[in-house]
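Structure first, commentary second.
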Amino acid sequence: MFTSLTTKLAMRKVGLSSDALDFSSKSSKSNDGSMPGLDELEESNSGWPTWMNTKKLPLTAQAWLSPAPPPVPVAECPKPGDLAPLDRDRRLTFGGGRPVIVLFLRCVGCAFAQKSFLALRDLAIKNQGRLTCIAVSHSSREATRKWVDILGGAWNVEVVIDEDRAIYAAWGLGLGSIWYMFNPTTQIQGWKEKGWLGIKVADSLQRTNSLRPSAAAANSAGAVGLGEAEEGPSTVMGNKWQQAGLFSVDGRGTVIWAEKALRADDVMDIRAAAGVLGF
């Protein structure tokens, strides 16, 4: 099972060993004659045997699983001329007289997100004191910090952590479709890119024991029940299905540029977003 070269390469890309999903070695009966998993089933809140718990998967593999929904409905994506949306906790504020560019990252370790972030950082450095540049990440604070450090630091970019994706939802950014992820263009571009750092970030977090539950995860656990939250996929590395986006907001708090990723490989047009603001 899973012996073809193509399948092994694909599994390696998401951080799985070639035999991670090979259940053929699981005996149909245990030594005492009972069916494996049935005893564990009674003790598991998820209804799955303990060896099939999503928490057993590598962090990079969990990022491919369907995440819990954000705590607020996904709104419509703002259009030029709209007032900048207000997120639930007012994490992002506008209208103070200085223009703002907001980049919503796809996820930590993504090669396409890396290109967008580096372009935003260059813009922020060149326009220090005149333009506010914000990058929003839905990966954990520790994973985001490690990824940014690998890239050389945030410099003049303000990094905002939105692990429960409430800010993403306020700006109309939800999860992409099957086509968003697996269209031919995205697959071709994905294999061409060399900037995939997810495994490197995940290995560093596990090596330094930096996998503390985040505040967002704790709040989620309180909302849905601790056991249920523990059984879901980890949000440490974010989620591969999350849509990226880019918005320019003028000094009065009005959106004048809006771009929503149509495919997972879309690199946000930082130059165009800056151009409409006069930079």
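Chain labels run A, B, ... following the order of the structure tokens; each chain numbers its residues from 1, and ligands are numbered from 1 in the order shown.
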
I'd like the neighbourhood of Val74 in chain A as a list of chain:residue names, where a residue qualifies if any of its atoms comes within 10 Å (using only C-alpha atoms), though same-chain residues fewer than 4 positions away should be ignored. A:Pro69, A:Pro70, A:Arg165, A:Ala166, A:Ile167, A:Tyr168, A:Ala169, A:Ala170, A:Trp171, A:Gly172, A:Leu173, A:Gly174, A:Leu175

So that each row is one residue of range 136-255 of chain A with an atom at most 9 Å from range 125-130 of chain A, can you give its shortest atom pair and the distance in Å to one decimal, using only C-alpha atoms, rows by chain and rising number, as JSON lines?
{"residue": "A:Trp155", "atom": "CA", "partner": "A:Ile125", "partner_atom": "CA", "distance": 7.2}
{"residue": "A:Asn156", "atom": "CA", "partner": "A:Ile125", "partner_atom": "CA", "distance": 5.9}
{"residue": "A:Val157", "atom": "CA", "partner": "A:Ile125", "partner_atom": "CA", "distance": 8.2}

Export, as a PDB file, in the first residue's frame, the selected residues with C-alpha atoms.
ATOM      1  CA  TRP A 155      11.405  44.471  10.710  1.00  0.00           C
ATOM      2  CA  ASN A 156       8.760  47.181  10.197  1.00  0.00           C
ATOM      3  CA  VAL A 157       5.848  44.804   9.625  1.00  0.00           C
TER       4      VAL A 157
END

Find the spatial neighbours of range 85-95 of chain A, counting only C-alpha atoms, within a cut-off of 10 Å - ignore same-chain residues fewer than 3 positions away - and output them as a ChimeraX atom specification. /A:71-72,75-78,82,98-100,102,134,136,160-162,166-172,249-255

Those residues with N, CA, C and O atoms, as a short mmCIF file (atom, residue, chain, number, x, y, z; two decimals), in the first residue's frame please?
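File result_3.cif, as written:
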data_model
loop_
_atom_site.label_atom_id
_atom_site.label_comp_id
_atom_site.auth_asym_id
_atom_site.auth_seq_id
_atom_site.Cartn_x
_atom_site.Cartn_y
_atom_site.Cartn_z
N PRO A 71 -15.08 31.72 15.18
CA PRO A 71 -16.14 32.01 16.15
C PRO A 71 -17.19 32.98 15.65
O PRO A 71 -18.21 33.19 16.32
N VAL A 72 -16.97 33.57 14.49
CA VAL A 72 -17.95 34.48 13.89
C VAL A 72 -18.17 34.06 12.45
O VAL A 72 -17.30 33.43 11.84
N ALA A 75 -17.84 36.98 6.76
CA ALA A 75 -18.57 38.09 6.15
C ALA A 75 -18.25 38.18 4.66
O ALA A 75 -17.43 37.42 4.13
N GLU A 76 -18.89 39.11 3.99
CA GLU A 76 -18.54 39.38 2.60
C GLU A 76 -17.19 40.11 2.55
O GLU A 76 -16.89 40.93 3.43
N CYS A 77 -16.42 39.84 1.53
CA CYS A 77 -15.14 40.50 1.38
C CYS A 77 -15.36 41.98 1.07
O CYS A 77 -16.18 42.32 0.19
N PRO A 78 -14.72 42.89 1.80
CA PRO A 78 -14.93 44.32 1.55
C PRO A 78 -14.47 44.73 0.15
O PRO A 78 -13.49 44.18 -0.38
N ASP A 82 -15.75 50.64 0.60
CA ASP A 82 -16.33 50.23 1.87
C ASP A 82 -15.45 50.70 3.03
O ASP A 82 -14.23 50.85 2.88
N ARG A 98 -3.06 57.62 8.94
CA ARG A 98 -1.98 56.95 8.21
C ARG A 98 -2.56 55.79 7.39
O ARG A 98 -3.33 54.99 7.92
N PRO A 99 -2.19 55.66 6.12
CA PRO A 99 -2.67 54.53 5.32
C PRO A 99 -2.11 53.20 5.81
O PRO A 99 -1.03 53.16 6.41
N VAL A 100 -2.86 52.15 5.55
CA VAL A 100 -2.50 50.82 6.06
C VAL A 100 -2.65 49.79 4.94
O VAL A 100 -3.61 49.84 4.16
N VAL A 102 -2.92 45.66 4.71
CA VAL A 102 -3.11 44.47 5.54
C VAL A 102 -2.98 43.23 4.66
O VAL A 102 -3.73 43.06 3.69
N ILE A 134 0.72 45.55 7.93
CA ILE A 134 0.31 44.53 8.89
C ILE A 134 0.21 43.17 8.19
O ILE A 134 -0.35 43.08 7.09
N VAL A 136 -1.27 39.38 8.97
CA VAL A 136 -2.10 38.61 9.89
C VAL A 136 -1.84 37.12 9.65
O VAL A 136 -1.92 36.64 8.51
N VAL A 160 0.20 40.24 13.43
CA VAL A 160 -0.97 40.02 14.30
C VAL A 160 -1.34 38.54 14.24
O VAL A 160 -1.47 37.97 13.14
N ILE A 161 -1.51 37.91 15.39
CA ILE A 161 -1.86 36.49 15.46
C ILE A 161 -3.38 36.35 15.59
O ILE A 161 -3.98 36.95 16.48
N ASP A 162 -3.96 35.55 14.73
CA ASP A 162 -5.42 35.35 14.71
C ASP A 162 -5.71 33.86 14.58
O ASP A 162 -6.25 33.40 13.58
N ALA A 166 -10.87 34.75 13.52
CA ALA A 166 -11.98 35.69 13.64
C ALA A 166 -11.75 36.93 12.78
O ALA A 166 -12.69 37.47 12.18
N ILE A 167 -10.49 37.41 12.70
CA ILE A 167 -10.20 38.57 11.86
C ILE A 167 -10.33 38.20 10.39
O ILE A 167 -10.88 38.96 9.58
N TYR A 168 -9.83 37.02 10.03
CA TYR A 168 -9.99 36.55 8.65
C TYR A 168 -11.48 36.55 8.26
O TYR A 168 -11.85 37.01 7.18
N ALA A 169 -12.31 36.03 9.15
CA ALA A 169 -13.74 35.94 8.86
C ALA A 169 -14.36 37.32 8.68
O ALA A 169 -15.20 37.54 7.80
N ALA A 170 -13.94 38.29 9.52
CA ALA A 170 -14.49 39.64 9.42
C ALA A 170 -14.17 40.29 8.09
O ALA A 170 -14.93 41.14 7.60
N TRP A 171 -13.06 39.87 7.48
CA TRP A 171 -12.65 40.43 6.20
C TRP A 171 -13.04 39.54 5.02
O TRP A 171 -12.55 39.74 3.90
N GLY A 172 -13.91 38.59 5.26
CA GLY A 172 -14.46 37.78 4.17
C GLY A 172 -13.56 36.67 3.67
O GLY A 172 -13.73 36.18 2.55
N VAL A 249 -6.01 50.38 2.88
CA VAL A 249 -6.97 51.23 3.58
C VAL A 249 -6.35 52.62 3.71
O VAL A 249 -5.20 52.75 4.16
N ASP A 250 -7.10 53.65 3.32
CA ASP A 250 -6.54 55.00 3.40
C ASP A 250 -6.61 55.54 4.82
O ASP A 250 -7.10 54.86 5.74
N GLY A 251 -6.13 56.77 5.01
CA GLY A 251 -6.05 57.35 6.34
C GLY A 251 -7.39 57.61 7.00
O GLY A 251 -7.45 57.83 8.21
N ARG A 252 -8.47 57.57 6.21
CA ARG A 252 -9.82 57.77 6.77
C ARG A 252 -10.49 56.45 7.13
O ARG A 252 -11.62 56.45 7.61
N GLY A 253 -9.83 55.34 6.84
CA GLY A 253 -10.41 54.04 7.17
C GLY A 253 -11.26 53.45 6.07
O GLY A 253 -12.07 52.56 6.32
N THR A 254 -11.05 53.91 4.81
CA THR A 254 -11.81 53.39 3.67
C THR A 254 -10.95 52.43 2.86
O THR A 254 -9.79 52.73 2.55
N VAL A 255 -11.52 51.30 2.51
CA VAL A 255 -10.82 50.32 1.69
C VAL A 255 -10.73 50.86 0.26
O VAL A 255 -11.75 51.23 -0.33
#

Length of the CA of Leu262 in chain A to CA of Ala111 in chain A vector [Å]: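 CA of Leu262 in chain A sits 16.2 Å away from CA of Ala111 in chain A.
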
Would you mind listing what lies within 12 Å of Leu65 in chain A as a ChimeraX atom specification, with only C-alpha atoms counted and same-chain residues fewer than 3 positions away left out? /A:14,54-55,57-62,68,175,232-235,237-242

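Every residue of range 62-137 of chain A found in strand (DSSP E or B) when DSSP is run on the backbone appears here: Leu83, Val100, Ile101, Val102, Leu103, Phe104, Thr132, Cys133, Ile134, Ala135, Val136 and Ser137 of chain A.
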